[in-house]
$ cat structure-v1.cif   # mmCIF, C-alpha atoms, pLDDT in the B column; chains and numbers go by the auth columns
data_coords
loop_
_atom_site.group_PDB
_atom_site.id
_atom_site.type_symbol
_atom_site.label_atom_id
_atom_site.label_comp_id
_atom_site.label_asym_id
_atom_site.label_seq_id
_atom_site.Cartn_x
_atom_site.Cartn_y
_atom_site.Cartn_z
_atom_site.B_iso_or_equiv
_atom_site.auth_seq_id
_atom_site.auth_asym_id
ATOM 1 C CA MET A 1 138.283 89.441 99.143 95.00 1 A
ATOM 2 C CA LEU A 2 140.152 88.377 102.257 95.00 2 A
ATOM 3 C CA VAL A 3 139.363 84.763 103.126 97.00 3 A
ATOM 4 C CA LEU A 4 139.789 83.546 106.689 94.00 4 A
ATOM 5 C CA SER A 5 138.769 80.503 108.632 96.00 5 A
ATOM 6 C CA ARG A 6 137.353 80.748 112.122 96.00 6 A
ATOM 7 C CA LYS A 7 136.299 78.220 114.719 96.00 7 A
ATOM 8 C CA VAL A 8 133.240 78.678 116.902 97.00 8 A
ATOM 9 C CA GLY A 9 134.004 81.275 119.514 97.00 9 A
ATOM 10 C CA GLN A 10 136.662 83.016 117.433 98.00 10 A
ATOM 11 C CA ALA A 11 136.230 86.586 116.216 97.00 11 A
ATOM 12 C CA LEU A 12 137.307 89.083 113.571 97.00 12 A
ATOM 13 C CA LEU A 13 138.096 92.734 114.244 97.00 13 A
ATOM 14 C CA LEU A 14 137.278 95.181 111.421 96.00 14 A
ATOM 15 C CA GLY A 15 139.008 98.519 111.881 95.00 15 A
ATOM 16 C CA LYS A 16 138.992 99.627 115.493 95.00 16 A
ATOM 17 C CA ASP A 17 135.293 99.352 116.196 95.00 17 A
ATOM 18 C CA ILE A 18 133.726 96.352 114.565 96.00 18 A
ATOM 19 C CA GLU A 19 133.913 92.846 115.961 97.00 19 A
ATOM 20 C CA ILE A 20 132.317 89.779 114.418 97.00 20 A
ATOM 21 C CA THR A 21 132.186 86.562 116.415 98.00 21 A
ATOM 22 C CA VAL A 22 131.226 83.098 115.218 97.00 22 A
ATOM 23 C CA LEU A 23 128.757 82.031 117.903 98.00 23 A
ATOM 24 C CA ARG A 24 127.455 78.745 116.619 97.00 24 A
ATOM 25 C CA VAL A 25 127.532 76.487 113.591 96.00 25 A
ATOM 26 C CA ASP A 26 124.419 74.442 112.945 96.00 26 A
ATOM 27 C CA GLY A 27 124.544 72.356 109.780 95.00 27 A
ATOM 28 C CA ASP A 28 124.684 74.884 106.961 95.00 28 A
ATOM 29 C CA GLN A 29 123.744 77.811 109.192 96.00 29 A
ATOM 30 C CA ILE A 30 126.236 79.995 111.011 96.00 30 A
ATOM 31 C CA ARG A 31 125.240 82.227 113.886 97.00 31 A
ATOM 32 C CA LEU A 32 127.286 85.434 113.978 97.00 32 A
ATOM 33 C CA GLY A 33 127.419 88.126 116.631 97.00 33 A
ATOM 34 C CA VAL A 34 128.299 91.666 115.562 96.00 34 A
ATOM 35 C CA ARG A 35 129.546 94.341 117.934 96.00 35 A
ATOM 36 C CA ALA A 36 129.698 97.739 116.273 93.00 36 A
ATOM 37 C CA PRO A 37 128.931 101.389 117.027 89.00 37 A
ATOM 38 C CA LYS A 38 125.302 102.392 116.501 80.00 38 A
ATOM 39 C CA SER A 39 126.358 104.586 113.601 79.00 39 A
ATOM 40 C CA VAL A 40 127.362 101.560 111.546 83.00 40 A
ATOM 41 C CA SER A 41 124.532 100.067 109.568 79.00 41 A
ATOM 42 C CA ILE A 42 124.418 96.287 109.583 84.00 42 A
ATOM 43 C CA LEU A 43 122.352 94.735 106.848 84.00 43 A
ATOM 44 C CA ARG A 44 121.782 91.260 105.512 88.00 44 A
ATOM 45 C CA LYS A 45 123.226 91.570 102.023 89.00 45 A
ATOM 46 C CA GLU A 46 120.198 90.008 100.406 92.00 46 A
ATOM 47 C CA LEU A 47 118.224 93.061 101.557 94.00 47 A
ATOM 48 C CA ILE A 48 120.049 95.210 99.025 93.00 48 A
ATOM 49 C CA ASP A 49 119.317 92.698 96.275 95.00 49 A
ATOM 50 C CA ASP A 50 115.726 92.488 97.443 96.00 50 A
ATOM 51 C CA VAL A 51 115.308 96.259 97.240 97.00 51 A
ATOM 52 C CA ARG A 52 116.833 96.292 93.766 97.00 52 A
ATOM 53 C CA THR A 53 114.452 93.596 92.538 97.00 53 A
ATOM 54 C CA ALA A 54 111.434 95.310 94.071 97.00 54 A
ATOM 55 C CA THR A 55 112.385 98.613 92.430 98.00 55 A
ATOM 56 C CA ALA A 56 113.039 96.898 89.107 97.00 56 A
ATOM 57 C CA ASP A 57 109.552 95.385 89.318 96.00 57 A
ATOM 58 C CA ALA A 58 108.009 98.724 90.228 97.00 58 A
ATOM 59 C CA GLY A 59 109.474 100.809 87.402 96.00 59 A
ATOM 60 C CA VAL A 60 107.258 100.969 84.331 94.00 60 A
ATOM 61 C CA GLY A 61 106.903 102.984 81.150 94.00 61 A
ATOM 62 C CA LYS A 62 105.001 106.258 81.394 92.00 62 A
ATOM 63 C CA ALA A 63 102.084 105.033 79.313 89.00 63 A
ATOM 64 C CA GLU A 64 101.611 102.055 81.582 86.00 64 A
ATOM 65 C CA SER A 65 101.885 104.184 84.697 87.00 65 A
ATOM 66 C CA ALA A 66 99.429 106.759 83.418 85.00 66 A
ATOM 67 C CA LYS A 67 96.331 104.699 83.980 76.00 67 A
ATOM 68 C CA PRO A 68 96.931 101.532 85.955 78.00 68 A
ATOM 69 C CA SER A 69 93.646 99.689 86.167 82.00 69 A
ATOM 70 C CA GLY A 70 92.287 99.459 89.658 90.00 70 A
ATOM 71 C CA LEU A 71 94.406 102.251 91.135 92.00 71 A
ATOM 72 C CA SER A 72 91.451 104.471 92.075 91.00 72 A
ATOM 73 C CA GLU A 73 89.807 101.527 93.791 91.00 73 A
ATOM 74 C CA LEU A 74 93.011 100.709 95.627 92.00 74 A
ATOM 75 C CA ALA A 75 93.329 104.360 96.638 91.00 75 A
ATOM 76 C CA ALA A 76 89.770 104.403 97.955 90.00 76 A
ATOM 77 C CA LYS A 77 90.445 101.274 99.993 88.00 77 A
ATOM 78 C CA LEU A 78 93.633 102.761 101.345 88.00 78 A
ATOM 79 C CA ARG A 79 91.899 105.992 102.345 86.00 79 A
ATOM 80 C CA LYS A 80 89.193 104.015 104.124 84.00 80 A
ATOM 81 C CA GLN A 81 91.755 101.916 106.004 80.00 81 A
ATOM 82 C CA THR A 82 93.886 104.833 107.088 76.00 82 A
ATOM 83 C CA SER A 83 93.587 108.565 107.610 67.00 83 A
ATOM 84 C CA ALA A 84 94.914 109.301 104.113 64.00 84 A
ATOM 85 C CA PRO A 85 93.805 112.648 102.661 61.00 85 A
ATOM 86 C CA ALA A 86 90.773 112.333 100.429 55.00 86 A
ATOM 87 C CA THR A 87 91.773 115.155 98.129 55.00 87 A
ATOM 88 C CA ALA A 88 94.924 115.258 96.055 51.00 88 A
ATOM 89 C CA VAL A 89 97.386 117.926 97.037 52.00 89 A
ATOM 90 C CA ALA A 90 99.522 119.264 94.220 52.00 90 A
ATOM 91 C CA PRO A 91 103.275 119.405 94.732 54.00 91 A
ATOM 92 C CA ILE A 92 104.724 122.895 94.494 49.00 92 A
ATOM 93 C CA ALA A 93 108.095 124.176 93.384 50.00 93 A
ATOM 94 C CA PRO A 94 110.590 125.032 96.132 46.00 94 A
ATOM 95 C CA THR A 95 110.619 128.704 95.105 43.00 95 A
ATOM 96 C CA ALA A 96 106.901 129.153 95.670 39.00 96 A
ATOM 97 C CA PRO A 97 106.253 128.191 99.267 42.00 97 A
ATOM 98 C CA ASN A 98 102.970 130.096 99.352 43.00 98 A
ATOM 99 C CA ALA A 99 101.453 128.579 96.209 39.00 99 A
ATOM 100 C CA THR A 100 97.886 127.513 96.814 42.00 100 A
ATOM 101 C CA THR A 101 97.276 123.826 97.140 40.00 101 A
ATOM 102 C CA ALA A 102 94.039 121.928 97.422 38.00 102 A
ATOM 103 C CA PRO A 103 93.133 121.628 101.086 41.00 103 A
ATOM 104 C CA THR A 104 93.036 118.178 102.564 39.00 104 A
ATOM 105 C CA ASN A 105 90.022 117.076 104.521 42.00 105 A
ATOM 106 C CA SER A 106 92.067 115.868 107.442 40.00 106 A
ATOM 107 C CA PRO A 107 95.554 117.385 107.347 43.00 107 A
ATOM 108 C CA GLU A 108 98.003 115.380 109.396 44.00 108 A
ATOM 109 C CA LYS A 109 99.915 117.559 111.806 41.00 109 A
ATOM 110 C CA ARG A 110 103.521 116.804 112.506 40.00 110 A
ATOM 111 C CA GLN A 111 104.378 116.263 116.180 40.00 111 A
ATOM 112 C CA MET B 1 125.079 113.444 119.416 39.00 1 B
ATOM 113 C CA THR B 2 122.535 111.073 117.957 43.00 2 B
ATOM 114 C CA ASP B 3 123.601 108.311 115.617 50.00 3 B
ATOM 115 C CA THR B 4 120.434 108.494 113.597 60.00 4 B
ATOM 116 C CA ALA B 5 118.851 111.619 112.194 59.00 5 B
ATOM 117 C CA PRO B 6 115.390 112.847 113.218 55.00 6 B
ATOM 118 C CA LEU B 7 112.571 112.114 110.803 60.00 7 B
ATOM 119 C CA PRO B 8 108.954 113.255 110.757 56.00 8 B
ATOM 120 C CA THR B 9 106.894 111.079 113.015 49.00 9 B
ATOM 121 C CA ARG B 10 103.575 111.692 111.349 48.00 10 B
ATOM 122 C CA ALA B 11 102.363 112.003 107.795 44.00 11 B
ATOM 123 C CA VAL B 12 102.740 115.508 106.477 43.00 12 B
ATOM 124 C CA VAL B 13 100.788 117.568 103.997 46.00 13 B
ATOM 125 C CA LEU B 14 101.985 116.370 100.615 45.00 14 B
ATOM 126 C CA GLY B 15 101.746 119.875 99.116 46.00 15 B
ATOM 127 C CA GLU B 16 105.236 120.701 100.253 80.00 16 B
ATOM 128 C CA LEU B 17 107.019 118.344 97.904 87.00 17 B
ATOM 129 C CA PRO B 18 109.001 120.039 95.156 89.00 18 B
ATOM 130 C CA ALA B 19 107.728 119.544 91.595 91.00 19 B
ATOM 131 C CA GLN B 20 111.080 118.141 90.491 94.00 20 B
ATOM 132 C CA LEU B 21 113.484 115.899 92.322 95.00 21 B
ATOM 133 C CA THR B 22 117.081 114.892 91.818 97.00 22 B
ATOM 134 C CA ILE B 23 117.420 111.407 93.247 98.00 23 B
ATOM 135 C CA LYS B 24 121.161 111.061 93.735 97.00 24 B
ATOM 136 C CA GLY B 25 122.333 107.640 92.700 96.00 25 B
ATOM 137 C CA GLY B 26 119.015 106.961 91.017 97.00 26 B
ATOM 138 C CA LEU B 27 116.736 104.116 92.041 98.00 27 B
ATOM 139 C CA ASN B 28 118.812 100.959 91.860 96.00 28 B
ATOM 140 C CA PRO B 29 118.887 99.394 89.230 97.00 29 B
ATOM 141 C CA PHE B 30 117.768 102.545 87.363 97.00 30 B
ATOM 142 C CA THR B 31 120.543 105.132 87.311 97.00 31 B
ATOM 143 C CA HIS B 32 118.357 108.022 86.136 97.00 32 B
ATOM 144 C CA GLU B 33 118.259 110.856 88.656 98.00 33 B
ATOM 145 C CA ARG B 34 115.810 113.571 87.565 97.00 34 B
ATOM 146 C CA TYR B 35 112.119 113.037 88.158 97.00 35 B
ATOM 147 C CA GLU B 36 108.956 115.095 88.103 95.00 36 B
ATOM 148 C CA VAL B 37 106.480 114.620 90.917 94.00 37 B
ATOM 149 C CA ARG B 38 102.903 114.227 89.706 91.00 38 B
ATOM 150 C CA VAL B 39 99.712 113.778 91.611 88.00 39 B
ATOM 151 C CA GLU B 40 97.374 110.909 90.755 89.00 40 B
ATOM 152 C CA VAL B 41 94.308 113.122 90.563 86.00 41 B
ATOM 153 C CA ASP B 42 91.943 110.177 90.341 88.00 42 B
ATOM 154 C CA ALA B 43 93.668 108.177 93.045 90.00 43 B
ATOM 155 C CA PRO B 44 94.946 110.245 95.969 86.00 44 B
ATOM 156 C CA PRO B 45 97.146 109.782 97.951 89.00 45 B
ATOM 157 C CA PHE B 46 99.148 108.066 95.198 92.00 46 B
ATOM 158 C CA LEU B 47 101.829 110.133 93.535 93.00 47 B
ATOM 159 C CA ARG B 48 103.860 109.381 90.444 94.00 48 B
ATOM 160 C CA LEU B 49 107.534 110.004 89.822 96.00 49 B
ATOM 161 C CA GLU B 50 108.139 110.497 86.110 96.00 50 B
ATOM 162 C CA ALA B 51 111.696 110.391 84.821 97.00 51 B
ATOM 163 C CA VAL B 52 112.676 113.507 82.857 96.00 52 B
ATOM 164 C CA GLY B 53 113.783 112.484 79.392 95.00 53 B
ATOM 165 C CA LEU B 54 113.316 108.757 79.904 96.00 54 B
ATOM 166 C CA ASP B 55 110.287 106.519 79.581 96.00 55 B
ATOM 167 C CA LEU B 56 110.226 105.477 83.202 97.00 56 B
ATOM 168 C CA ALA B 57 107.811 106.117 86.037 97.00 57 B
ATOM 169 C CA PHE B 58 107.049 104.919 89.546 97.00 58 B
ATOM 170 C CA HIS B 59 104.053 105.188 91.808 97.00 59 B
ATOM 171 C CA VAL B 60 104.949 106.326 95.281 96.00 60 B
ATOM 172 C CA LEU B 61 103.188 106.882 98.576 93.00 61 B
ATOM 173 C CA ASP B 62 103.897 108.668 101.799 91.00 62 B
ATOM 174 C CA PRO B 63 104.812 105.693 104.030 93.00 63 B
ATOM 175 C CA PHE B 64 103.236 107.307 107.088 90.00 64 B
ATOM 176 C CA ILE B 65 99.886 106.938 105.354 88.00 65 B
ATOM 177 C CA VAL B 66 100.449 103.201 105.064 90.00 66 B
ATOM 178 C CA LEU B 67 101.766 102.701 108.589 88.00 67 B
ATOM 179 C CA GLU B 68 100.702 105.354 111.062 81.00 68 B
ATOM 180 C CA ASP B 69 103.321 104.371 113.608 86.00 69 B
ATOM 181 C CA TYR B 70 106.070 104.077 110.987 91.00 70 B
ATOM 182 C CA SER B 71 109.315 104.770 112.809 91.00 71 B
ATOM 183 C CA PRO B 72 112.078 105.068 110.209 93.00 72 B
ATOM 184 C CA GLU B 73 115.646 105.639 111.356 90.00 73 B
ATOM 185 C CA LEU B 74 118.035 107.297 108.993 89.00 74 B
ATOM 186 C CA CYS B 75 121.811 106.757 109.145 84.00 75 B
ATOM 187 C CA GLU B 76 123.664 109.941 109.948 82.00 76 B
ATOM 188 C CA ASP B 77 125.716 109.647 106.763 84.00 77 B
ATOM 189 C CA ASP B 78 122.546 109.751 104.695 90.00 78 B
ATOM 190 C CA ALA B 79 121.141 112.728 106.611 90.00 79 B
ATOM 191 C CA ARG B 80 124.414 114.559 106.164 91.00 80 B
ATOM 192 C CA PHE B 81 124.533 113.700 102.467 94.00 81 B
ATOM 193 C CA LEU B 82 121.074 115.150 101.980 95.00 82 B
ATOM 194 C CA GLU B 83 121.909 118.205 104.127 94.00 83 B
ATOM 195 C CA LEU B 84 118.791 117.642 106.169 92.00 84 B
ATOM 196 C CA GLU B 85 118.388 120.297 108.808 88.00 85 B
ATOM 197 C CA GLY B 86 115.333 118.874 110.472 84.00 86 B
ATOM 198 C CA PRO B 87 112.038 117.028 110.062 84.00 87 B
ATOM 199 C CA ALA B 88 110.335 120.138 108.671 83.00 88 B
ATOM 200 C CA GLU B 89 112.190 119.848 105.380 87.00 89 B
ATOM 201 C CA THR B 90 112.250 116.053 105.225 90.00 90 B
ATOM 202 C CA ARG B 91 109.705 113.973 103.310 91.00 91 B
ATOM 203 C CA LEU B 92 109.615 110.291 102.611 94.00 92 B
ATOM 204 C CA LEU B 93 108.256 108.578 99.541 95.00 93 B
ATOM 205 C CA SER B 94 107.947 104.813 99.292 97.00 94 B
ATOM 206 C CA ILE B 95 107.946 102.990 95.988 98.00 95 B
ATOM 207 C CA VAL B 96 104.761 101.120 95.183 97.00 96 B
ATOM 208 C CA ASN B 97 104.962 97.829 93.331 96.00 97 B
ATOM 209 C CA LEU B 98 101.994 97.182 91.063 94.00 98 B
ATOM 210 C CA LYS B 99 103.663 94.435 89.031 92.00 99 B
ATOM 211 C CA ASN B 100 101.156 91.840 90.161 91.00 100 B
ATOM 212 C CA GLY B 101 98.194 94.157 89.807 90.00 101 B
ATOM 213 C CA THR B 102 96.559 96.570 92.219 90.00 102 B
ATOM 214 C CA GLY B 103 94.997 93.706 94.161 90.00 103 B
ATOM 215 C CA LYS B 104 98.471 92.556 95.187 93.00 104 B
ATOM 216 C CA ALA B 105 100.063 95.993 95.501 95.00 105 B
ATOM 217 C CA THR B 106 102.989 96.328 97.888 97.00 106 B
ATOM 218 C CA VAL B 107 105.077 99.225 99.117 97.00 107 B
ATOM 219 C CA ASN B 108 108.742 99.307 100.102 98.00 108 B
ATOM 220 C CA LEU B 109 108.905 100.504 103.704 97.00 109 B
ATOM 221 C CA ALA B 110 112.474 99.307 104.274 97.00 110 B
ATOM 222 C CA ALA B 111 114.069 101.593 101.690 97.00 111 B
ATOM 223 C CA PRO B 112 112.169 104.864 101.242 97.00 112 B
ATOM 224 C CA ILE B 113 113.182 107.769 99.053 97.00 113 B
ATOM 225 C CA VAL B 114 114.202 110.511 101.454 96.00 114 B
ATOM 226 C CA VAL B 115 113.585 114.011 100.106 95.00 115 B
ATOM 227 C CA ASN B 116 115.073 117.300 101.213 93.00 116 B
ATOM 228 C CA THR B 117 112.196 119.572 100.202 92.00 117 B
ATOM 229 C CA ARG B 118 114.359 122.654 100.568 91.00 118 B
ATOM 230 C CA THR B 119 117.006 121.559 98.042 93.00 119 B
ATOM 231 C CA GLY B 120 114.973 119.154 95.896 94.00 120 B
ATOM 232 C CA VAL B 121 117.676 116.524 96.371 96.00 121 B
ATOM 233 C CA ALA B 122 116.635 113.022 97.334 97.00 122 B
ATOM 234 C CA LYS B 123 118.110 109.576 97.816 97.00 123 B
ATOM 235 C CA GLN B 124 116.730 106.112 98.160 97.00 124 B
ATOM 236 C CA VAL B 125 117.998 104.974 101.504 95.00 125 B
ATOM 237 C CA ILE B 126 118.032 101.602 103.240 95.00 126 B
ATOM 238 C CA LEU B 127 116.877 102.525 106.713 93.00 127 B
ATOM 239 C CA HIS B 128 119.128 101.985 109.701 87.00 128 B
ATOM 240 C CA ASN B 129 116.296 99.865 111.097 88.00 129 B
ATOM 241 C CA ALA B 130 115.337 98.364 107.734 92.00 130 B
ATOM 242 C CA SER B 131 114.958 94.868 109.177 88.00 131 B
ATOM 243 C CA GLN B 132 111.876 96.065 111.072 91.00 132 B
ATOM 244 C CA PHE B 133 110.010 96.736 107.843 95.00 133 B
ATOM 245 C CA SER B 134 109.103 94.940 104.688 95.00 134 B
ATOM 246 C CA VAL B 135 110.413 95.604 101.204 97.00 135 B
ATOM 247 C CA ARG B 136 107.005 94.333 100.040 97.00 136 B
ATOM 248 C CA HIS B 137 104.516 95.572 102.593 96.00 137 B
ATOM 249 C CA PRO B 138 101.011 94.704 101.334 95.00 138 B
ATOM 250 C CA LEU B 139 98.851 97.745 100.752 92.00 139 B
ATOM 251 C CA THR B 140 95.509 96.207 101.520 79.00 140 B
ATOM 252 C CA ALA B 141 94.692 93.706 104.221 61.00 141 B
#
$ encode --input "structure-v1.cif" --output "structure tokens"
Amino acid sequence: MLVLSRKVGQALLLGKDIEITVLRVDGDQIRLGVRAPKSVSILRKELIDDVRTATADAGVGKAESAKPSGLSELAAKLRKQTSAPATAVAPIAPTAPNATTAPTNSPEKRQ
Amino acid sequence: MTDTAPLPTRAVVLGELPAQLTIKGGLNPFTHERYEVRVEVDAPPFLRLEAVGLDLAFHVLDPFIVLEDYSPELCEDDARFLELEGPAETRLLSIVNLKNGTGKATVNLAAPIVVNTRTGVAKQVILHNASQFSVRHPLTA
């Protein structure tokens, strides 16, 4: 890790295209400005950790996932709230594009 | 040239998902990549991803069902990695968190699993505009 010190108003240049400026220091909080091309994703690092934790929480054993109590009720609530299809549609293999699937009551059309 | 790849703007018929997926890189922290897609027959529109050869499963949902005006932006690198040629072959699946029971169910809208339905290859992706969405979006009001 490269460690540098900056004063307020000073900046760092990463590669040719990314510039990070220290805008303000307020107690233990630092305000940073980032100038970068739109193709560069800028994320708060804790987001990655947050996603990992959420996924770790979500993964369960198959037995537990087979019949989670309350899922049908949750599904019914969700369908009522939104325009979710009321009938399950079976996934099909990529080699059988014309396989029959259960029709949905209100198929969403893509724009 | 756009910096972010086009994604479907509305929920799509779930029938076009392949029956098996290869989720490249796995689902952090789980490194397993091959999953079968199963329908929750008693609880549509929930789907289940079941790991092949491992006792691991996830419930997933089409995020457009949860948020009708969901506007995910994909980084071009991710679109290129998945060889996505357009919205017609792109599907999103968001991981549902039932750890605290179905009454407190949440769904990850910031990092969906992006599926190329043509190749069966998928990847969990942190959206380019991830900060606009919640990792723990509540499923019921």
$ closest_residue --input "structure-v1.cif" --among "B:Lys99, B:Lys123, B:Arg48, B:Lys104" --to "Arg80 (chain B)" --atoms "only C-alpha atoms"
B:Lys123
$ residues_around --input "structure-v1.cif" --residues "region 72-79 of chain A" --least-positions-apart "3" --cutoff "9 Å" --atoms "only C-alpha atoms" --output "NGL selection string"
(:A and (68-69 or 82-86)) or (:B and (40 or 42-46 or 65-66 or 102-103 or 105 or 139-140))
$ atom_distance --input "structure-v1.cif" --atom1 "CA of Pro29 (chain B)" --atom2 "CA of Pro112 (chain B)"
14.8 Å
$ resolve_selection --input "structure-v1.cif" --expression "the PyMOL selection byres ((chain B and resi 81-83) around 9)" --output "list in words"
Glu76, Asp77, Asp78, Ala79, Arg80, Leu84, Glu85, Val114, Val115, Asn116, Thr119, Val121, Ala122 and Lys123 of chain B
$ resolve_selection --input "structure-v1.cif" --expression "the PyMOL selection byres ((chain A and resi 40) around 9)" --output "JSON, numbers by chain"
{"A": [18, 36, 37, 38, 39, 41, 42], "B": [3, 75, 128]}
$ residues_around --input "structure-v1.cif" --residues "Glu33 (chain B)" --least-positions-apart "4" --cutoff "10 Å" --atoms "all atoms listed in the file" --output "PDB file with C-alpha atoms, in the frame of the given file"
ATOM      1  CA  LEU B  21     113.484 115.899  92.322  1.00 95.00           C
ATOM      2  CA  THR B  22     117.081 114.892  91.818  1.00 97.00           C
ATOM      3  CA  ILE B  23     117.420 111.407  93.247  1.00 98.00           C
ATOM      4  CA  LYS B  24     121.161 111.061  93.735  1.00 97.00           C
ATOM      5  CA  GLY B  25     122.333 107.640  92.700  1.00 96.00           C
ATOM      6  CA  GLY B  26     119.015 106.961  91.017  1.00 97.00           C
ATOM      7  CA  LEU B  27     116.736 104.116  92.041  1.00 98.00           C
ATOM      8  CA  ALA B  51     111.696 110.391  84.821  1.00 97.00           C
ATOM      9  CA  VAL B  52     112.676 113.507  82.857  1.00 96.00           C
ATOM     10  CA  VAL B 121     117.676 116.524  96.371  1.00 96.00           C
ATOM     11  CA  ALA B 122     116.635 113.022  97.334  1.00 97.00           C
ATOM     12  CA  LYS B 123     118.110 109.576  97.816  1.00 97.00           C
TER      13      LYS B 123
END
$ closest_residue --input "structure-v1.cif" --among "A:Arg24, A:Val8, A:Gln81, A:Ala58" --to "chain B" --atoms "all atoms listed in the file"
A:Ala58
$ resolve_selection --input "structure-v1.cif" --expression "the PyMOL selection byres ((chain B and resi 95) around 8)" --output "tab-separated table (two decimals) with C-alpha atoms, in the coordinates of the input"
chain	number	residue	atom	x	y	z
A	55	THR	CA	112.38	98.61	92.43
A	58	ALA	CA	108.01	98.72	90.23
B	58	PHE	CA	107.05	104.92	89.55
B	59	HIS	CA	104.05	105.19	91.81
B	60	VAL	CA	104.95	106.33	95.28
B	61	LEU	CA	103.19	106.88	98.58
B	93	LEU	CA	108.26	108.58	99.54
B	94	SER	CA	107.95	104.81	99.29
B	96	VAL	CA	104.76	101.12	95.18
B	97	ASN	CA	104.96	97.83	93.33
B	107	VAL	CA	105.08	99.22	99.12
B	108	ASN	CA	108.74	99.31	100.10
B	112	PRO	CA	112.17	104.86	101.24
B	113	ILE	CA	113.18	107.77	99.05
$ atom_distance --input "structure-v1.cif" --atom1 "CA of Ala19 (chain B)" --atom2 "CA of Leu49 (chain B)"
9.7 Å
$ atom_distance --input "structure-v1.cif" --atom1 "CA of Ser134 (chain B)" --atom2 "CA of Asn100 (chain B)"
16.8 Å
$ residues_around --input "structure-v1.cif" --residues "Thr21 (chain A)" --least-positions-apart "6" --cutoff "7 Å" --atoms "only C-alpha atoms" --output "MDAnalysis selection string"
chainID A and resid 9:12 32:34
$ residues_around --input "structure-v1.cif" --residues "region 45-50 of chain A" --least-positions-apart "3" --cutoff "12 Å" --atoms "all atoms listed in the file" --output "JSON, numbers by chain"
{"A": [41, 42, 53, 54, 55, 56, 57], "B": [27, 28, 29, 108, 110, 111, 124, 125, 126, 127, 129, 130, 131, 132, 133, 134, 135, 136]}
$ axis_aligned_box --input "structure-v1.cif" --around "region 20-35 of chain B" --padding-each-side "4 Å" --output "AutoDock Vina command-line options"
--center_x 116.7 --center_y 108.8 --center_z 89.9 --size_x 19.3 --size_y 26.7 --size_z 15.6
